[in-house]
>>> print(open('structure-v9.cif').read())   # mmCIF, C-alpha atoms
data_run
#
loop_
_atom_site.label_atom_id
_atom_site.label_comp_id
_atom_site.auth_asym_id
_atom_site.auth_seq_id
_atom_site.Cartn_x
_atom_site.Cartn_y
_atom_site.Cartn_z
CA MET R 731 96.88 78.41 115.64
CA THR R 732 95.76 81.49 113.69
CA LEU R 733 97.72 83.68 111.25
CA ALA R 734 97.71 87.46 111.62
CA TYR R 735 98.86 90.35 109.42
CA ARG R 736 98.92 94.05 110.32
CA CYS R 737 98.07 96.55 107.57
CA LEU R 738 100.57 99.44 107.63
CA ASP R 739 98.69 101.87 105.40
CA ALA R 740 98.80 105.46 106.65
CA GLY R 741 96.60 105.70 109.76
CA CYS R 742 95.34 102.10 109.50
CA ASP R 743 97.23 99.50 111.60
CA VAL R 744 94.29 97.07 111.42
CA GLU R 745 95.18 93.45 112.24
CA ILE R 746 93.64 90.84 109.96
CA ARG R 747 93.39 87.21 111.14
CA ALA R 748 92.63 83.99 109.30
CA ALA R 749 92.86 80.24 109.80
CA ASP R 750 95.48 79.55 107.12
CA GLU R 751 97.80 81.22 104.61
CA ARG R 752 95.38 81.21 101.65
CA ALA R 753 92.53 82.61 103.76
CA LEU R 754 94.84 85.30 105.18
CA ILE R 755 95.94 86.42 101.69
CA GLU R 756 92.29 86.72 100.60
CA ALA R 757 91.29 88.58 103.77
CA VAL R 758 94.18 91.06 103.52
CA GLN R 759 93.51 91.66 99.82
CA ALA R 760 89.83 92.31 100.60
CA HIS R 761 90.77 94.77 103.36
CA VAL R 762 93.33 96.66 101.25
CA ALA R 763 90.92 96.86 98.30
CA GLU R 764 87.97 98.05 100.39
CA ALA R 765 89.75 100.35 102.84
CA HIS R 766 92.55 101.72 100.63
CA ASP R 767 91.46 101.14 97.01
CA SER R 768 94.69 99.25 96.45
CA PHE R 769 96.23 95.77 96.60
CA GLU R 770 98.99 94.04 98.54
CA LEU R 771 101.59 91.62 97.17
CA GLU R 772 101.04 87.99 98.20
CA GLU R 773 104.63 87.42 99.19
CA VAL R 774 104.59 90.51 101.42
CA ILE R 775 101.59 89.09 103.29
CA VAL R 776 103.09 85.60 103.60
CA ASP R 777 106.48 86.83 104.81
CA MET R 778 105.08 89.15 107.48
CA ALA R 779 102.26 86.90 108.71
CA THR R 780 102.67 85.87 112.34
CA GLU R 781 101.22 82.97 114.25
CA VAL R 782 98.99 83.98 117.15
CA GLU R 783 97.45 81.86 119.88
CA THR R 784 93.67 81.58 119.82
CA ARG R 785 91.76 80.84 123.02
CA GLU R 786 89.14 78.13 122.96
CA ASP R 787 85.59 79.30 123.40
CA PRO R 788 84.74 78.17 126.99
CA ARG R 789 81.09 77.51 126.17
CA MET P 1177 124.95 55.28 106.04
CA SER P 1178 127.24 55.41 109.05
CA GLY P 1179 130.05 57.41 110.61
CA GLY P 1180 130.57 61.14 111.14
CA ALA P 1181 132.08 63.70 108.81
CA SER P 1182 135.37 64.03 110.66
CA HIS P 1183 137.19 61.65 108.33
CA LEU P 1184 136.00 63.42 105.16
CA ASP P 1185 138.22 65.72 103.14
CA PRO P 1186 137.09 69.32 103.90
CA ASP P 1187 137.87 70.35 100.30
CA VAL P 1188 135.44 67.72 99.06
CA LEU P 1189 132.83 68.65 101.70
CA ALA P 1190 133.03 72.28 100.55
CA ARG P 1191 131.84 71.26 97.09
CA PHE P 1192 128.33 70.50 98.40
CA HIS P 1193 126.05 73.30 99.53
CA PHE P 1194 122.56 71.87 100.03
CA THR P 1195 121.51 71.30 103.64
CA ARG P 1196 118.15 70.30 105.06
CA GLU P 1197 117.98 73.65 106.88
CA MET P 1198 118.47 75.47 103.56
CA VAL P 1199 115.90 73.37 101.68
CA GLU P 1200 113.34 74.05 104.42
CA GLY P 1201 114.26 77.76 104.63
CA PRO P 1202 112.37 80.85 103.42
CA VAL P 1203 114.70 81.75 100.53
CA TYR P 1204 114.60 78.26 99.03
CA ARG P 1205 110.81 78.47 99.33
CA LYS P 1206 110.90 81.56 97.09
CA TYR P 1207 113.03 79.63 94.59
CA LYS P 1208 110.48 76.80 94.50
CA PHE P 1209 107.61 79.27 94.09
CA ALA P 1210 109.42 80.92 91.18
CA ILE P 1211 110.08 77.56 89.50
CA ASN P 1212 106.50 76.39 89.96
CA ARG P 1213 104.99 79.65 88.67
CA VAL P 1214 107.01 80.30 85.53
CA TRP P 1215 104.99 82.23 82.93
CA ASN P 1216 105.78 83.00 79.30
CA VAL P 1217 105.32 86.25 77.38
CA ASP P 1218 104.42 84.12 74.34
CA ASP P 1219 101.20 83.11 76.14
CA LEU P 1220 99.94 86.72 76.29
CA ASP P 1221 97.72 88.02 73.50
CA PHE P 1222 98.27 91.68 72.50
CA ALA P 1223 95.71 91.78 69.66
CA GLN P 1224 93.08 93.68 71.69
CA ASP P 1225 95.78 96.03 73.03
CA ALA P 1226 96.80 96.87 69.45
CA ALA P 1227 93.16 97.65 68.58
CA ASP P 1228 92.79 99.77 71.74
CA TRP P 1229 95.92 101.75 70.84
CA GLN P 1230 94.26 102.77 67.58
CA ARG P 1231 91.13 104.11 69.31
CA ILE P 1232 92.63 106.20 72.17
CA ASP P 1233 93.50 109.88 71.62
CA ASP P 1234 96.94 111.54 71.56
CA ASP P 1235 96.80 112.71 75.21
CA GLN P 1236 96.00 109.18 76.35
CA ARG P 1237 98.77 107.75 74.20
CA ARG P 1238 101.29 110.26 75.57
CA GLY P 1239 100.23 109.62 79.18
CA LEU P 1240 100.32 105.82 78.96
CA LEU P 1241 103.61 105.77 77.07
CA GLY P 1242 105.11 108.07 79.71
CA VAL P 1243 104.73 105.23 82.23
CA THR P 1244 105.31 102.17 80.04
CA ILE P 1245 108.47 103.56 78.45
CA ARG P 1246 109.87 104.09 81.97
CA PHE P 1247 109.16 100.43 82.69
CA LEU P 1248 110.80 99.41 79.39
CA ALA P 1249 113.99 101.24 80.39
CA GLY P 1250 113.72 100.25 84.05
CA GLU P 1251 113.35 96.52 83.50
CA GLN P 1252 116.40 96.53 81.22
CA ALA P 1253 118.34 98.44 83.89
CA VAL P 1254 117.47 96.06 86.74
CA THR P 1255 118.28 93.03 84.55
CA ASP P 1256 121.64 94.56 83.77
CA GLN P 1257 122.39 95.53 87.39
CA LEU P 1258 121.70 92.27 89.23
CA VAL P 1259 125.05 90.53 88.70
CA PRO P 1260 126.77 92.23 91.69
CA MET P 1261 124.15 90.79 94.04
CA ILE P 1262 124.77 87.28 92.69
CA ALA P 1263 128.56 87.71 92.97
CA ALA P 1264 128.21 89.00 96.54
CA SER P 1265 125.90 86.13 97.56
CA HIS P 1266 128.53 83.70 96.25
CA ALA P 1267 131.27 85.55 98.16
CA LEU P 1268 129.18 85.37 101.35
CA GLY P 1269 128.74 81.61 100.91
CA ARG P 1270 124.95 81.90 100.56
CA PHE P 1271 124.14 79.21 98.01
CA ASP P 1272 120.43 79.56 98.82
CA TRP P 1273 120.63 83.25 97.79
CA VAL P 1274 122.52 82.40 94.58
CA THR P 1275 119.95 79.70 93.75
CA TYR P 1276 117.01 82.06 94.25
CA LEU P 1277 118.75 84.91 92.38
CA ALA P 1278 119.01 82.65 89.30
CA THR P 1279 115.20 82.85 89.05
CA PHE P 1280 115.25 86.56 89.93
CA LEU P 1281 117.55 87.38 86.99
CA MET P 1282 115.54 85.24 84.56
CA GLU P 1283 112.34 87.01 85.67
CA GLU P 1284 113.82 90.50 85.23
CA ALA P 1285 114.94 89.56 81.72
CA LYS P 1286 111.43 88.28 81.02
CA HIS P 1287 109.88 91.52 82.30
CA ALA P 1288 112.15 93.45 79.93
CA GLU P 1289 111.04 91.11 77.12
CA PHE P 1290 107.39 91.71 78.03
CA PHE P 1291 107.75 95.49 77.67
CA MET P 1292 109.83 95.16 74.49
CA ARG P 1293 107.17 92.91 72.92
CA TRP P 1294 104.24 95.08 74.07
CA HIS P 1295 105.77 98.27 72.66
CA ASP P 1296 106.71 96.53 69.42
CA GLU P 1297 103.40 94.74 68.83
CA VAL P 1298 101.02 97.41 70.19
CA VAL P 1299 102.73 100.78 69.63
CA GLY P 1300 105.11 99.79 66.84
CA VAL P 1301 108.31 101.00 68.51
CA LEU P 1302 111.33 98.91 69.49
CA GLU P 1303 114.65 100.38 68.32
CA PRO P 1304 116.35 102.72 70.87
CA GLU P 1305 115.81 105.78 68.67
CA GLU P 1306 112.09 104.91 68.37
CA VAL P 1307 111.41 104.49 72.11
CA ALA P 1308 113.80 107.12 73.54
CA ARG P 1309 111.78 109.98 72.07
CA HIS P 1310 108.90 109.04 74.41
CA PHE P 1311 111.03 108.97 77.60
CA LEU P 1312 109.93 111.76 79.95
CA VAL P 1313 112.99 113.73 80.98
CA ARG P 1314 113.58 113.89 84.76
CA GLY P 1315 115.39 117.24 84.68
CA LYS P 1316 112.12 119.05 84.12
CA THR P 1317 110.49 117.79 87.35
CA VAL P 1318 111.29 120.28 90.11
CA ASP P 1319 110.31 121.05 93.71
CA PRO P 1320 109.28 124.73 93.66
CA SER P 1321 110.24 125.07 97.37
CA GLY P 1322 113.80 124.02 96.53
CA ARG P 1323 113.88 121.63 99.52
CA PHE P 1324 114.05 118.40 97.55
CA GLU P 1325 115.99 117.24 94.56
CA VAL P 1326 114.39 114.66 92.25
CA ARG P 1327 117.18 112.35 91.12
CA ASP P 1328 117.26 109.35 88.80
CA VAL P 1329 117.73 106.65 91.42
CA LEU P 1330 117.35 103.73 89.02
CA HIS P 1331 119.92 104.83 86.49
CA GLU P 1332 122.22 106.57 89.02
CA ALA P 1333 122.13 104.69 92.34
CA LEU P 1334 122.02 101.11 91.06
CA PRO P 1335 125.16 101.36 88.88
CA GLU P 1336 127.01 103.16 91.70
CA TYR P 1337 126.01 100.82 94.54
CA GLY P 1338 126.32 97.83 92.21
CA GLY P 1339 129.87 98.80 91.27
CA ASP P 1340 130.78 99.12 94.96
CA LEU P 1341 129.23 95.71 95.68
CA LEU P 1342 131.00 93.97 92.80
CA ARG P 1343 134.38 95.39 93.83
CA ALA P 1344 133.77 94.32 97.44
CA ALA P 1345 132.80 90.80 96.29
CA ILE P 1346 136.03 90.51 94.28
CA ASP P 1347 138.16 91.88 97.14
CA GLY P 1348 136.58 89.37 99.51
CA ASP P 1349 136.38 91.42 102.72
CA ARG P 1350 133.25 90.10 104.40
CA ASP P 1351 132.37 93.28 106.32
CA ALA P 1352 132.74 95.42 103.18
CA ILE P 1353 130.61 92.96 101.16
CA GLU P 1354 127.84 92.98 103.76
CA ARG P 1355 127.76 96.77 103.99
CA ALA P 1356 127.72 97.14 100.21
CA PHE P 1357 125.04 94.44 99.95
CA VAL P 1358 122.77 96.30 102.39
CA ARG P 1359 123.22 99.59 100.48
CA PHE P 1360 122.58 97.93 97.10
CA SER P 1361 119.58 95.92 98.28
CA ALA P 1362 118.10 98.92 100.12
CA ALA P 1363 118.31 100.89 96.87
CA TYR P 1364 117.25 98.09 94.48
CA ASN P 1365 114.71 95.98 96.40
CA GLY P 1366 113.72 98.41 99.14
CA PHE P 1367 113.59 101.78 97.40
CA VAL P 1368 113.15 101.23 93.66
CA GLU P 1369 111.14 97.99 93.55
CA GLY P 1370 109.56 98.25 96.99
CA VAL P 1371 108.42 101.87 97.28
CA LEU P 1372 109.04 104.06 94.22
CA THR P 1373 107.69 101.71 91.54
CA MET P 1374 104.70 100.24 93.38
CA PRO P 1375 102.39 103.23 92.64
CA SER P 1376 103.38 103.01 88.97
CA TYR P 1377 102.07 99.43 88.76
CA GLU P 1378 98.78 100.58 90.25
CA ILE P 1379 98.64 103.57 87.89
CA VAL P 1380 98.91 101.31 84.83
CA ILE P 1381 96.43 98.71 86.14
CA ASP P 1382 93.95 101.46 87.15
CA THR P 1383 94.38 103.08 83.73
CA THR P 1384 93.51 99.86 81.89
CA ASN P 1385 90.43 99.46 84.10
CA LEU P 1386 89.39 103.12 83.75
CA TRP P 1387 89.67 102.99 79.96
CA ASP P 1388 88.40 99.39 79.73
CA ALA P 1389 91.35 98.72 77.46
CA PHE P 1390 94.72 96.96 77.15
CA PRO P 1391 93.93 93.56 78.73
CA GLY P 1392 97.32 92.17 77.65
CA LEU P 1393 99.15 94.97 79.44
CA ARG P 1394 97.03 94.43 82.58
CA GLN P 1395 97.61 90.67 82.57
CA GLY P 1396 101.35 91.14 82.10
CA PHE P 1397 101.50 93.59 84.99
CA LYS P 1398 99.73 91.14 87.27
CA GLN P 1399 102.20 88.40 86.35
CA ILE P 1400 105.13 90.76 86.91
CA LEU P 1401 103.78 91.78 90.33
CA MET P 1402 103.78 88.14 91.46
CA ASP P 1403 107.49 88.00 90.64
CA GLU P 1404 108.22 91.41 92.16
CA GLY P 1405 106.73 90.36 95.49
CA ARG P 1406 109.41 87.67 95.73
CA HIS P 1407 112.17 90.04 94.57
CA ILE P 1408 111.32 92.72 97.10
CA THR P 1409 110.95 90.36 100.04
CA PHE P 1410 114.12 88.45 99.14
CA GLY P 1411 116.11 91.69 99.33
CA THR P 1412 114.50 92.93 102.51
CA GLN P 1413 114.86 89.48 104.12
CA ALA P 1414 118.57 89.39 103.21
CA CYS P 1415 118.99 92.86 104.73
CA ARG P 1416 117.17 91.71 107.86
CA ILE P 1417 119.56 88.75 108.28
CA LEU P 1418 122.59 91.03 107.93
CA ILE P 1419 121.15 93.78 110.17
CA GLU P 1420 120.23 91.29 112.91
CA ARG P 1421 123.91 90.32 113.13
CA HIS P 1422 125.15 93.91 112.77
CA PRO P 1423 122.53 96.42 114.01
CA GLU P 1424 124.77 99.29 112.87
CA TYR P 1425 123.88 98.38 109.26
CA GLU P 1426 120.39 99.87 109.81
CA ALA P 1427 121.94 103.31 109.35
CA LEU P 1428 123.05 102.30 105.83
CA VAL P 1429 119.43 101.71 104.78
CA HIS P 1430 118.38 105.12 106.11
CA GLU P 1431 121.33 106.76 104.31
CA VAL P 1432 120.13 105.35 100.98
CA PHE P 1433 116.51 106.42 101.52
CA ASP P 1434 117.64 109.84 102.74
CA ARG P 1435 119.84 110.36 99.68
CA TYR P 1436 116.87 109.82 97.37
CA ARG P 1437 114.23 111.33 99.66
CA GLY P 1438 113.14 113.75 96.93
CA ASN P 1439 111.93 110.90 94.73
CA VAL P 1440 109.38 109.59 97.25
CA VAL P 1441 108.01 112.76 98.87
CA GLY P 1442 106.16 113.67 95.67
CA LEU P 1443 104.86 112.06 92.53
CA VAL P 1444 107.29 112.34 89.64
CA GLU P 1445 106.58 113.19 86.02
CA TYR P 1446 105.57 109.81 84.57
CA GLN P 1447 103.33 109.12 87.58
CA LYS P 1448 101.31 112.24 86.73
CA ALA P 1449 101.18 111.66 83.01
CA VAL P 1450 97.95 109.65 82.61
CA PRO P 1451 94.87 111.89 82.36
CA GLY P 1452 91.75 111.06 84.40
CA LEU P 1453 93.27 109.31 87.43
CA GLU P 1454 92.78 110.33 91.09
CA ILE P 1455 96.51 110.55 91.75
CA ASP P 1456 96.54 111.54 95.45
CA LYS P 1457 95.96 107.94 96.51
CA TYR P 1458 99.18 106.82 94.82
CA GLN P 1459 101.18 109.21 96.97
CA ARG P 1460 99.47 108.05 100.21
CA GLN P 1461 100.16 104.39 99.33
CA LYS P 1462 103.89 105.01 99.51
CA VAL P 1463 103.55 105.18 103.30
CA ARG P 1464 102.32 101.58 103.40
CA HIS P 1465 105.02 100.38 101.04
CA TYR P 1466 107.74 102.20 103.00
CA ARG P 1467 106.51 100.91 106.37
CA ASN P 1468 106.24 97.38 104.91
CA ARG P 1469 109.85 97.49 103.74
CA CYS P 1470 111.05 98.73 107.15
CA ARG P 1471 109.07 95.97 108.92
CA GLU P 1472 110.54 93.32 106.61
CA MET P 1473 114.07 94.60 107.24
CA GLY P 1474 113.43 94.84 110.99
CA ILE P 1475 114.28 98.54 111.15
CA THR P 1476 112.51 101.64 112.48
CA ALA P 1477 110.71 103.74 109.87
CA ASP P 1478 111.75 107.39 109.53
CA ALA P 1479 108.76 109.34 110.93
CA GLU P 1480 109.84 112.55 109.20
CA LEU P 1481 109.89 110.82 105.81
CA ILE P 1482 106.36 109.51 106.41
CA GLU P 1483 105.19 113.04 107.31
CA GLN P 1484 106.78 114.38 104.13
CA ILE P 1485 105.18 111.68 101.97
CA LEU P 1486 101.78 112.71 103.36
CA ASP P 1487 102.42 116.48 103.26
CA PRO P 1488 100.05 117.91 100.60
CA GLU P 1489 102.18 121.06 100.36
CA ILE P 1490 105.03 119.07 98.83
CA ASP P 1491 104.00 118.91 95.21
CA PHE P 1492 106.44 118.83 92.36
CA VAL P 1493 105.97 120.92 89.27
CA VAL P 1494 106.10 118.80 86.17
CA GLY P 1495 107.13 120.58 83.01
CA VAL P 1496 108.28 117.54 81.12
CA GLU P 1497 108.71 117.03 77.46
CA ALA P 1498 109.33 113.67 75.94
CA GLY P 1499 112.58 113.15 74.13
#
>>> encode(input="structure-v9.cif", output="structure tokens")
Amino acid sequence: MTLAYRCLDAGCDVEIRAADERALIEAVQAHVAEAHDSFELEEVIVDMATEVETREDPR
Amino acid sequence: MSGGASHLDPDVLARFHFTREMVEGPVYRKYKFAINRVWNVDDLDFAQDAADWQRIDDDQRRGLLGVTIRFLAGEQAVTDQLVPMIAASHALGRFDWVTYLATFLMEEAKHAEFFMRWHDEVVGVLEPEEVARHFLVRGKTVDPSGRFEVRDVLHEALPEYGGDLLRAAIDGDRDAIERAFVRFSAAYNGFVEGVLTMPSYEIVIDTTNLWDAFPGLRQGFKQILMDEGRHITFGTQACRILIERHPEYEALVHEVFDRYRGNVVGLVEYQKAVPGLEIDKYQRQKVRHYRNRCREMGITADAELIEQILDPEIDFVVGVEAG
């Protein structure tokens, strides 16, 4: 299972995925800092993170 | 342990509120986070901040104080205005909300203490007559097009909605309590904490980085933001629970945001007060904060409001004077 969070900055809507909650927080913070010169609150990320199915690599 | 609960006195049963579902739930999780992450203003060192205050010029002092004095007043206001939400949570039988709100109120009081201590130890002002002279007056911020009115949502809406909520909690009508709760939380957690104030945090943190100064102020802001994340998402989560049961409550949230639309479509006086910042980004960020709050509450964002937030032609004229 993977966690996903969608950035709702104006005109963004990028979905960020990570293996666990801590990794997702770091990945979202990196995206918001780089793309929007800003930061996101941890609790906002945690509360709106969703679990998504990940398909196994068939190789 | 054996037997069911059917033989137990319901009056005695009603004295116990903890359930496994509650302890494993999202609001209790926020309570545990708050308890495990308690910080103390006494642990912050303002010595470098005091030295930095002596070396910055008058324009910088005026600009920084324009923001921090707003926070000093604002944190006292939100500490003072939280009781109705606790009373209403009790009236709704939400012991998990009451439990979490105990940490919420303590944190708001601590934030007020932080700003009181910083202004006393760094700037040398504490008494009301010393700090009030630096408060930027809202009446001088105007929309030259006349389309929007910039109101004082913090000191106007919270007492009004809070009064309604407290009266509803005392009267005990569940529908009235829920409606008043949604209005109050939309104003407090959604609008004030969740959209309007977020750029101000970034303005202060960016200012301390730009000037390479005030590390105590920056550290305090980062601690406060950890708490605020829980406050905002508690309120929006509570609204979501109530709106899921009564979808007609969504309109109450939009009513609150519409009433104070003028405060979010432009940057207000204290957000423009610090010289040297690229302020356009703070206006754009409000779109993300607003859309986040709507997502958390499970409601549809107002597309017109988003367009207005991004409209560069909406720009308030700031002719403020402190005092």
>>> interface_residues(input="structure-v9.cif", of="chain R", to="chain P", cutoff="10 Å", atoms="only C-alpha atoms", output="ChimeraX atom specification")
/R:736-743,766-778
>>> resolve_selection(input="structure-v9.cif", expression="the PyMOL selection byres ((chain P and resi 1267-1273) around 7)", output="list in words")
His1193, Met1198, Val1203, Tyr1204, Ala1263, Ala1264, Ser1265, His1266, Val1274, Thr1275, Tyr1276, Leu1277, Ala1345, Gly1348 and Arg1350 of chain P
>>> atom_distance(input="structure-v9.cif", atom1="atom CA of P:Gln1230", atom2="atom CA of P:Arg1309")
19.5 Å
>>> resolve_selection(input="structure-v9.cif", expression="the PyMOL selection byres ((chain R and resi 754) around 10)", output="PyMOL selection string")
chain R and resi 732-735+746-753+755-760+772+775-776+779
>>> atom_distance(input="structure-v9.cif", atom1="atom CA of P:Asn1216", atom2="atom CA of P:Lys1286")
7.9 Å
>>> closest_residue(input="structure-v9.cif", among="P:Leu1248, P:Leu1302, P:Val1326, P:Val1243", to="P:His1287", atoms="all atoms listed in the file")
P:Leu1248
>>> closest_residue(input="structure-v9.cif", among="P:Val1301, P:Ile1353, P:Ile1400, P:Ala1427", to="P:Arg1213", atoms="all atoms listed in the file")
P:Ile1400
>>> closest_residue(input="structure-v9.cif", among="P:Pro1423, P:Pro1320, P:Pro1391, P:Gly1366", to="P:Gly1442", atoms="all atoms listed in the file")
P:Pro1320
>>> atom_distance(input="structure-v9.cif", atom1="atom CA of P:Arg1246", atom2="atom CA of P:Val1259")
21.4 Å
>>> residues_around(input="structure-v9.cif", residues="P:Glu1284", least_positions_apart="3", cutoff="8 Å", atoms="all atoms listed in the file", output="list in words")
Glu1251, Gln1252, Val1254, Thr1255, Phe1280, Leu1281, His1287 and Ala1288 of chain P
>>> decode(input="structure-v9.cif", residues="stretch 1215-1230 of chain P", atoms="N, CA and C atoms", output="PDB file, in the first residue's frame")
ATOM      1  N   TRP P1215       5.716  22.008  24.039  1.00  0.00           N
ATOM      2  CA  TRP P1215       6.924  22.835  24.095  1.00  0.00           C
ATOM      3  C   TRP P1215       6.695  23.989  25.066  1.00  0.00           C
ATOM      4  N   ASN P1216       7.789  24.633  25.468  1.00  0.00           N
ATOM      5  CA  ASN P1216       7.719  25.638  26.523  1.00  0.00           C
ATOM      6  C   ASN P1216       8.405  26.918  26.061  1.00  0.00           C
ATOM      7  N   VAL P1217       7.724  28.035  26.208  1.00  0.00           N
ATOM      8  CA  VAL P1217       8.313  29.329  25.816  1.00  0.00           C
ATOM      9  C   VAL P1217       9.617  29.573  26.576  1.00  0.00           C
ATOM     10  N   ASP P1218       9.701  29.074  27.815  1.00  0.00           N
ATOM     11  CA  ASP P1218      10.913  29.260  28.627  1.00  0.00           C
ATOM     12  C   ASP P1218      12.159  28.683  27.947  1.00  0.00           C
ATOM     13  N   ASP P1219      11.955  27.707  27.047  1.00  0.00           N
ATOM     14  CA  ASP P1219      13.102  27.066  26.394  1.00  0.00           C
ATOM     15  C   ASP P1219      13.630  27.880  25.208  1.00  0.00           C
ATOM     16  N   LEU P1220      12.921  28.941  24.821  1.00  0.00           N
ATOM     17  CA  LEU P1220      13.378  29.763  23.695  1.00  0.00           C
ATOM     18  C   LEU P1220      14.288  30.876  24.204  1.00  0.00           C
ATOM     19  N   ASP P1221      15.324  31.175  23.427  1.00  0.00           N
ATOM     20  CA  ASP P1221      16.301  32.189  23.809  1.00  0.00           C
ATOM     21  C   ASP P1221      16.115  33.417  22.905  1.00  0.00           C
ATOM     22  N   PHE P1222      15.772  34.569  23.521  1.00  0.00           N
ATOM     23  CA  PHE P1222      15.515  35.784  22.747  1.00  0.00           C
ATOM     24  C   PHE P1222      16.705  36.753  22.765  1.00  0.00           C
ATOM     25  N   ALA P1223      17.858  36.308  23.257  1.00  0.00           N
ATOM     26  CA  ALA P1223      19.001  37.230  23.387  1.00  0.00           C
ATOM     27  C   ALA P1223      19.448  37.765  22.020  1.00  0.00           C
ATOM     28  N   GLN P1224      19.556  36.874  21.014  1.00  0.00           N
ATOM     29  CA  GLN P1224      19.978  37.319  19.682  1.00  0.00           C
ATOM     30  C   GLN P1224      18.916  38.224  19.055  1.00  0.00           C
ATOM     31  N   ASP P1225      17.644  37.898  19.306  1.00  0.00           N
ATOM     32  CA  ASP P1225      16.543  38.732  18.790  1.00  0.00           C
ATOM     33  C   ASP P1225      16.659  40.160  19.340  1.00  0.00           C
ATOM     34  N   ALA P1226      16.971  40.260  20.636  1.00  0.00           N
ATOM     35  CA  ALA P1226      17.095  41.591  21.253  1.00  0.00           C
ATOM     36  C   ALA P1226      18.243  42.370  20.623  1.00  0.00           C
ATOM     37  N   ALA P1227      19.350  41.668  20.317  1.00  0.00           N
ATOM     38  CA  ALA P1227      20.487  42.332  19.656  1.00  0.00           C
ATOM     39  C   ALA P1227      20.109  42.738  18.238  1.00  0.00           C
ATOM     40  N   ASP P1228      19.385  41.871  17.535  1.00  0.00           N
ATOM     41  CA  ASP P1228      18.950  42.185  16.163  1.00  0.00           C
ATOM     42  C   ASP P1228      18.021  43.396  16.139  1.00  0.00           C
ATOM     43  N   TRP P1229      17.154  43.503  17.150  1.00  0.00           N
ATOM     44  CA  TRP P1229      16.220  44.637  17.205  1.00  0.00           C
ATOM     45  C   TRP P1229      16.987  45.963  17.264  1.00  0.00           C
ATOM     46  N   GLN P1230      18.125  45.947  17.924  1.00  0.00           N
ATOM     47  CA  GLN P1230      18.926  47.171  18.059  1.00  0.00           C
ATOM     48  C   GLN P1230      19.596  47.569  16.750  1.00  0.00           C
TER      49      GLN P1230
END
